[in-house]
Amino acid sequence: MARSINESGSSWVFPDGPLEEIASRCDVITAASLVGSCKFYHDSATQSVALPASQPFGMPCVLHTHQTEVPPAHNPFSRVHKFKQQGAQKDKQHDAKDRKGTLCQLTPLDRISSDAVIPDGGTGMWAGANGDWIALLGFPWNWELVNVYTGRRIPLPPISEFKSTPDKLVFESNDQHLQLLKIAICRVPTAASNYTSFSVLAIFNAAIAVLHCASSRWTVLDNQFLAYGYSDAIIHKGIVFAVTQTGEVYAWNQLSWGPLLISTAPIPPELDEQGRYNLGSWWLARSPDGSRLFLVHTWGVTDGRDYTGLVRILPAAATSEGRHGRTIRGYGKGLLGCEVYSMDTSQLMPPRPWRRIISLGSYSLFLGVNYPIIIPVEDGAEHDRPNMARSNSVYTSHHAVGLAYPPSPEICRFSLNSEDCTVGFQTNIRWTWRQVPLWLIPSFANARQWNLPSRHRLCRGGGDGHLEALTGDNIDLIAAHLDVTYTVRLAACSRELYDMISKDEGKMHHWDEPCLLMPPPAYWFDEHWDVARASRLHDTVYDLVPLDHPRRSVALPFMHDRKWLGANGDWIAAADHHGWCLVNVYTERHIPLPSLPDSKIRHSIVSYRPAYSFNWGPAIYLLKIVICQVPTKGGRYADYKLIALFDKTIFYLEGGGDWRMLEALTPAPDYPNYCDAIELRGHVFAVDETDGSTYFWDTANENLMLPFVIPPPVVDDQQYAWFLAPSADGKRLMIILTVNKIGIANAEVPPDIPYAANGLQLRQYPPVATYVFELDPLSTARAGDFLWRQVNSLSDHSLFLGLNYPIIANLKKRESKAPDGTLVPFMRKNCVYTAYRNIRHNQYPKILRCNLQPDEGETVGVISLPKDGWDSVRQAAMWFKPALNIARSVLPLKKQ
């Protein structure tokens, strides 16, 4: 339990750990930023037990681009946060800028990759990192240091001696082309120096430049003795050291002399029979106590040729403990190698000899585009297991920015223990040359230098006021990255949190608006499939897309290896290879469902298209599970009512009972062709797609006698898509029909319209015939006269139909007309919205909006999802309505 002490000496406790709850639901970068937002959070976090366990704080991680490759304009994770001005004492430059967040991934050595939202570099490239700071390269000469937690930016001046070229990594000087390798951030900016004092090295293949202050100029370090290009450089005890590609080490004392060749390679560079090593490189680092200079040489060939001793270690089929879906390769002795040497640099003329290091003890060294990291590392597992976290090892990543042909494996671990082989693995990302991976250790150790106020500003009103920091900028920060489902759980931590979130005008989420629940963009295209499957994250995190606002993420851990079959309220019907179940989105309460009766139906397969067959008839296909009545706490979660809708038959289930088959006894081959079903006032209704006839059964009858048949409201040759829904008051049955083949009659397909609100594509079609009819089925059944009455207006309501149970939403507060005559806003009242009708989603590939009373010239709006690849998506999109008031009923709302 996290605690903090106020100025009077009393202590307060976050009830039920709201800080841990908040931080564990944010990405790791945002969680650290939150800790630095006020002293109360910082003091609580430093004493927290649960916080470090929920995030990879203190762990070396590979920071790399996110595997979801979507155009920037469609990137659902690009967020803009505007921070309010709160007095002249704040940093105006920092607060006045819009902060953009770019979704990246952090890959710890032995944990599943997690999202990380870092400040957006725009078109910039990562060129180096050290602690909280990353060097970004723009064009031309738009270089800057950016703090990953606060977003503070420090512009770097151009190197006056160098001319830029169209390639942001190539420069010219004295008719010589210089390739930038990386920017080494040797000394980071700090608040104590007002962020003006730091040291960086720009390392080129044939030049080194040093900068110590943003207001000063770069100093280019000449070297007339250079015969081969540089490989790495650092600043050690005020002296610049650089190593070449062949192992020569040079030194510059910037006050008196330089360059000085202090040594050639302690060992000759080894080459294969073709004169090259694809992992051969020289690196510089410092000893753990900072007293000695390290020289590291890595070498080896991993280009796919057959070498004796190469061992390929694949992830296990069912589980990947310690591997997390990555392909790990072990390389036998003689294939790859690493030597570490140490020198005492207190005397350089003449230089002291290099001394071979045979052990780093409990430390490990992490080398790459980042500044060298040497920290203690606990062994992740016994030596016979392929876990990557080990002490006494050297880890290498890419050593230069913009590598056109990256080395493989991407990450190498060279163990200094003679009995261990070299191990390499990939971070399972699609290689993009513009962002080279680098090592980063998430931490809030420097939070006191960020936005942390010097006094407790949250103490007024006594101990109940400590959560007031969730107003203003802090709640904006949380809102930008907090998941929809976890926001509800956070609101249930305490009444104070609930009140703050519920009163926050639209910043957290757009509650009570129907949204599209769909897979994230990583699932949209086949080339992303293997990548997405490599991480469990993308089996459990989905997109929640409000029609007129940016999309949000929604975490559904229970959906791992499952397929949703339907939804109603906060419950989802899901299936895997073991059976069906109901799961609550927010509490994850799991209710197993009984199997279908073997006497009536034989289960064949549950897969992407669940198929079944009668023991005595043809194959049938499951369309969806209709959750007619959700389980409730008052009914001990056994008061649910479900319909298993197949194309040729229907099963009905009440909680605590068994599935009952609803038979129509139509003769073969004229089996019914059902397309939708609901339950209303104790009766089950199902519509036949062939002609719109509606069947209904009295569920109170134990024997479920033959159904009544209601004739369709329209009889013509048109092909309609039929839907059923209850009226807003729940007393009448509505049948909705729209033209099934939208746009087919037109020779020209309308162009896509970019929809800036959430990155979806819109199309507009000429008006499409959409009709809504209703009747009171019980009264008309008793009278024997089934008369459908056409509904010309839904008033302030709109209807959302699809795989989910019908949603009737009151949209009175929303604008009914688009201000500019276009399709925006897409969500309006008095409209019918249709999505995928069943889990066989390729039958209905668009999201359609039809206005029952269209204005003159108004067209039909259609949301077009990607044409290519959507058929391979595991989940059909459906409507879902997030509700914050769930926290009061199903989650344990606590008092302060």
# chains A, B, ... in the order shown; residues from 1 in each chain; ligands from 1
>>> residues_around(residues="Thr834 in chain A", least_positions_apart="6", cutoff="8 Å", atoms="only C-alpha atoms", output="PyMOL selection string")
chain A and resi 800-802+847-849
>>> residues_around(residues="Asn417 in chain A", least_positions_apart="2", cutoff="8 Å", atoms="only C-alpha atoms", output="PyMOL selection string")
chain A and resi 359+392-393+415+419-420
